[in-house]
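In what follows, a single structure is set out as structure tokens and then discussed.
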Amino acid sequence: MNFETSVIHLAEKPYSDNIWGDVVKSIHLTSTYQLQDLEPTGHFYQRYDNQTREALEKKLAYSEKANYCLVFSSGMAAITSVIFSIININCMIAAFDDLYSVTKKIFNHFLPKYNIVVDYIDFTSDFKIREDVSLVWLESPTNPLMKMIDVKKVVKRIKENNPETVVVFDNTFLSPYFYNPLDDGVDIVVHSATKYINGHSDCMAGAVMLNNQQLFEKIREYRNNFGNALSPFDSYLVLRGLKTLPLRMRKHQENCFKIIEYLKTKSFVSKILYPALCEKDYISTSVRGFGGTIGFIVDFHRSQIGQFISNLKIINHAVSLGGVESLICVPHFSTHKGVEGIPPNLIRLSVGIENVNDIIDDLEQAFAKASSVQSKV
Ligand SMILES: Cc1ncc(COP(=O)(O)O)c(C=O)c1O
């Protein structure tokens, strides 16, 4: 079944779990289930089992070409569940030197008490990695510097070094529609499904997809006992959002290409960060698209950036990304506050699926107001 068909039809077959022939999976609400036997085998308790959640997991597993999927109450719930299912006291972790700030926070603030060292590596370089590393954490493009790595090449080197190393890849930015990291030898894929997978900025969700049954069982055990699975209502929202992922991703990308052409005409935009602008050496051949988020650096001082942002009329000033509506933020002051190496004049634009001319007009009028501040200084 092709991607577009699977996100609509898979796990939502009429009469599969009700007598009404619903064509849409219902929000299945029960905290517990009547047991059929003293030693029951079927659905047991909502923290472990839920039909709406399971339908979403089936679709998401297929979308990442994985045997298994588990969904969580947020991207961070998914990420921490993977980390804590794999680590042991005193183990070694290696991570890409540019990662989502809160993933880094988990590594830097929470793992040292287990005597775990995280070695940050620039995987875009000719890197060396210790043989005793049990977990490697990758993200590409990175948030917000949009650094790319050729995942296939990087994973090959890691596995040559030690085939037992578990490689995890955060695929939030490209979504399963544009990239399937398992194709490149990655062991576990994680997503903040809050972003493109749900796509409507109305719920938090996380997902983990993988093929290794033992690892799947470990992570499921962690989730079922720690109680951070996705609720039935949010599972329904993500199921609904996922159906339009292919359409949305194509439109996000189409809008990005046009906005990049527009930004190139602005002399005060000194750099544009977008995966399609990276050198080909840094992009795996399995990547099918470049996503919907652009970074750009403006030669503006702080008050001009403030003017620019506050004068936007359509684009919302908000953190997060991947929704149908365009969102803009300045990571240095918000999502990545206090993180080294994030310039204060880097703007992150999550390009929505609006008419691109309206987005460009909005940028144009806000840039004009910000530029006039400069001339008054
Ligand atoms: C790349 C990436 N991974 C993970 C997360 C965390 O996801 P959530 O906010 O759903 O917990 C984010 C959030 O911005 C992200 O950008």
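Here, A, B, ... name the chains of the structure tokens in the order displayed, residue numbers run from 1 inside each chain, and ligands are numbered from 1 in the same displayed order.
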
Note to self: Residues near Tyr236 (chain A), anyone? I mean within 7 Å using only C-alpha atoms, not counting same-chain ones fewer than 4 positions away, as a ChimeraX atom specification.
What the structure shows: /A:27,52,232,240

Note to self: Excluding Tyr68 (chain A) and its own-chain neighbours fewer than 4 positions away, which residues fall within 8 Å of it when counting only C-alpha atoms? Please give them as a VMD selection string.
What the structure shows: chain A and resid 57 to 58 61 209 to 211 213 216

Next item on the list: Find the residues near ligand 1. Use a cut-off of 6 Å, count only C-alpha atoms and all ligand atoms, and write them as JSON, numbers by chain.
Entry: {"A": [74, 75, 76, 100, 143, 172, 192, 194, 204, 205, 206, 320]}

Item checked: From A:Ile272, A:Leu145, A:Ala366, A:Cys203, residue lying nearest His332 (chain A) [only C-alpha atoms] ->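 Among the listed residues, A:Leu145 lies closest to His332 (chain A).
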
May I have a table of the residues of region 117-217 of chain A lying at most 10 Å from region 284-297 of chain A, giving each one's closest pair of atoms and their distance in Å to one decimal, counting only C-alpha atoms, ordered by chain and ascending residue number, as a Markdown table?
| residue | atom | partner | partner_atom | distance |
| --- | --- | --- | --- | --- |
| A:Pro141 | CA | A:Phe290 | CA | 8.7 |
| A:Asn143 | CA | A:Gly295 | CA | 9.3 |
| A:Pro144 | CA | A:Gly295 | CA | 6.9 |
| A:Leu145 | CA | A:Gly295 | CA | 6.9 |
| A:Met146 | CA | A:Gly295 | CA | 7.2 |
| A:Met148 | CA | A:Ser284 | CA | 9.0 |
| A:Ile149 | CA | A:Ser284 | CA | 7.3 |
| A:Asp150 | CA | A:Ser284 | CA | 4.4 |
| A:Val151 | CA | A:Ser284 | CA | 5.8 |
| A:Lys152 | CA | A:Ser284 | CA | 6.1 |
| A:Lys153 | CA | A:Ser284 | CA | 7.9 |
| A:Val154 | CA | A:Ser284 | CA | 9.7 |
| A:Thr172 | CA | A:Gly291 | CA | 9.7 |
| A:Phe173 | CA | A:Gly291 | CA | 6.4 |
| A:Leu174 | CA | A:Gly291 | CA | 5.0 |
| A:Ser175 | CA | A:Gly291 | CA | 7.8 |
| A:Pro176 | CA | A:Arg288 | CA | 9.8 |
| A:Tyr177 | CA | A:Arg288 | CA | 7.9 |
| A:Phe178 | CA | A:Arg288 | CA | 4.7 |
| A:Tyr179 | CA | A:Val287 | CA | 5.0 |
| A:Asn180 | CA | A:Ser286 | CA | 7.5 |
| A:Pro181 | CA | A:Ser286 | CA | 8.1 |
| A:Asp183 | CA | A:Ser286 | CA | 7.4 |
| A:Asp184 | CA | A:Ser286 | CA | 7.5 |
| A:Tyr196 | CA | A:Gly292 | CA | 8.8 |

Notebook entry, point to check: Which distance in Å separates CA of Arg157 (chain A) and CA of Ala193 (chain A), to one decimal?
Noted result: 28.9 Å

Next item on the list: Write down as a PyMOL selection string the residues of region 243-346 of chain A whose backbone DSSP state falls under strand (DSSP E or B).
Entry: chain A and resi 269-273+293-298+316-317+327-329+346

Generate a file of the selected residues that holds N, CA and C atoms, formatted as a tab-separated table (two decimals), in the first residue's frame.
chain	number	residue	atom	x	y	z
A	269	VAL	N	19.43	39.73	4.71
A	269	VAL	CA	19.40	38.30	5.07
A	269	VAL	C	20.76	37.72	4.66
A	270	SER	N	21.60	37.47	5.67
A	270	SER	CA	22.98	37.09	5.33
A	270	SER	C	23.15	35.59	5.14
A	271	LYS	N	22.23	34.80	5.66
A	271	LYS	CA	22.36	33.34	5.50
A	271	LYS	C	20.98	32.70	5.58
A	272	ILE	N	20.78	31.72	4.74
A	272	ILE	CA	19.52	30.96	4.79
A	272	ILE	C	19.87	29.51	5.08
A	273	LEU	N	19.18	28.93	6.08
A	273	LEU	CA	19.46	27.54	6.46
A	273	LEU	C	18.26	26.68	6.09
A	293	THR	N	10.70	23.81	7.43
A	293	THR	CA	11.24	24.80	8.38
A	293	THR	C	12.50	25.44	7.79
A	294	ILE	N	12.54	26.76	7.90
A	294	ILE	CA	13.68	27.53	7.37
A	294	ILE	C	14.30	28.31	8.52
A	295	GLY	N	15.63	28.38	8.53
A	295	GLY	CA	16.30	29.31	9.43
A	295	GLY	C	16.90	30.42	8.58
A	296	PHE	N	16.91	31.65	9.08
A	296	PHE	CA	17.65	32.69	8.34
A	296	PHE	C	18.24	33.69	9.31
A	297	ILE	N	19.41	34.19	8.93
A	297	ILE	CA	20.12	35.13	9.79
A	297	ILE	C	19.95	36.52	9.20
A	298	VAL	N	19.52	37.45	10.04
A	298	VAL	CA	19.30	38.82	9.56
A	298	VAL	C	20.35	39.76	10.16
A	316	ASN	N	2.36	33.78	13.21
A	316	ASN	CA	2.32	33.90	14.67
A	316	ASN	C	3.71	33.82	15.28
A	317	HIS	N	3.93	34.66	16.27
A	317	HIS	CA	5.17	34.56	17.04
A	317	HIS	C	4.95	33.50	18.12
A	327	LEU	N	4.59	29.75	11.85
A	327	LEU	CA	5.02	30.21	13.17
A	327	LEU	C	6.46	30.70	13.07
A	328	ILE	N	6.77	31.72	13.85
A	328	ILE	CA	8.14	32.26	13.81
A	328	ILE	C	8.65	32.42	15.23
A	329	CYS	N	9.93	32.19	15.42
A	329	CYS	CA	10.51	32.47	16.74
A	329	CYS	C	12.00	32.78	16.58
A	346	LEU	N	19.35	34.75	14.55
A	346	LEU	CA	18.83	33.63	13.76
A	346	LEU	C	17.32	33.52	13.99
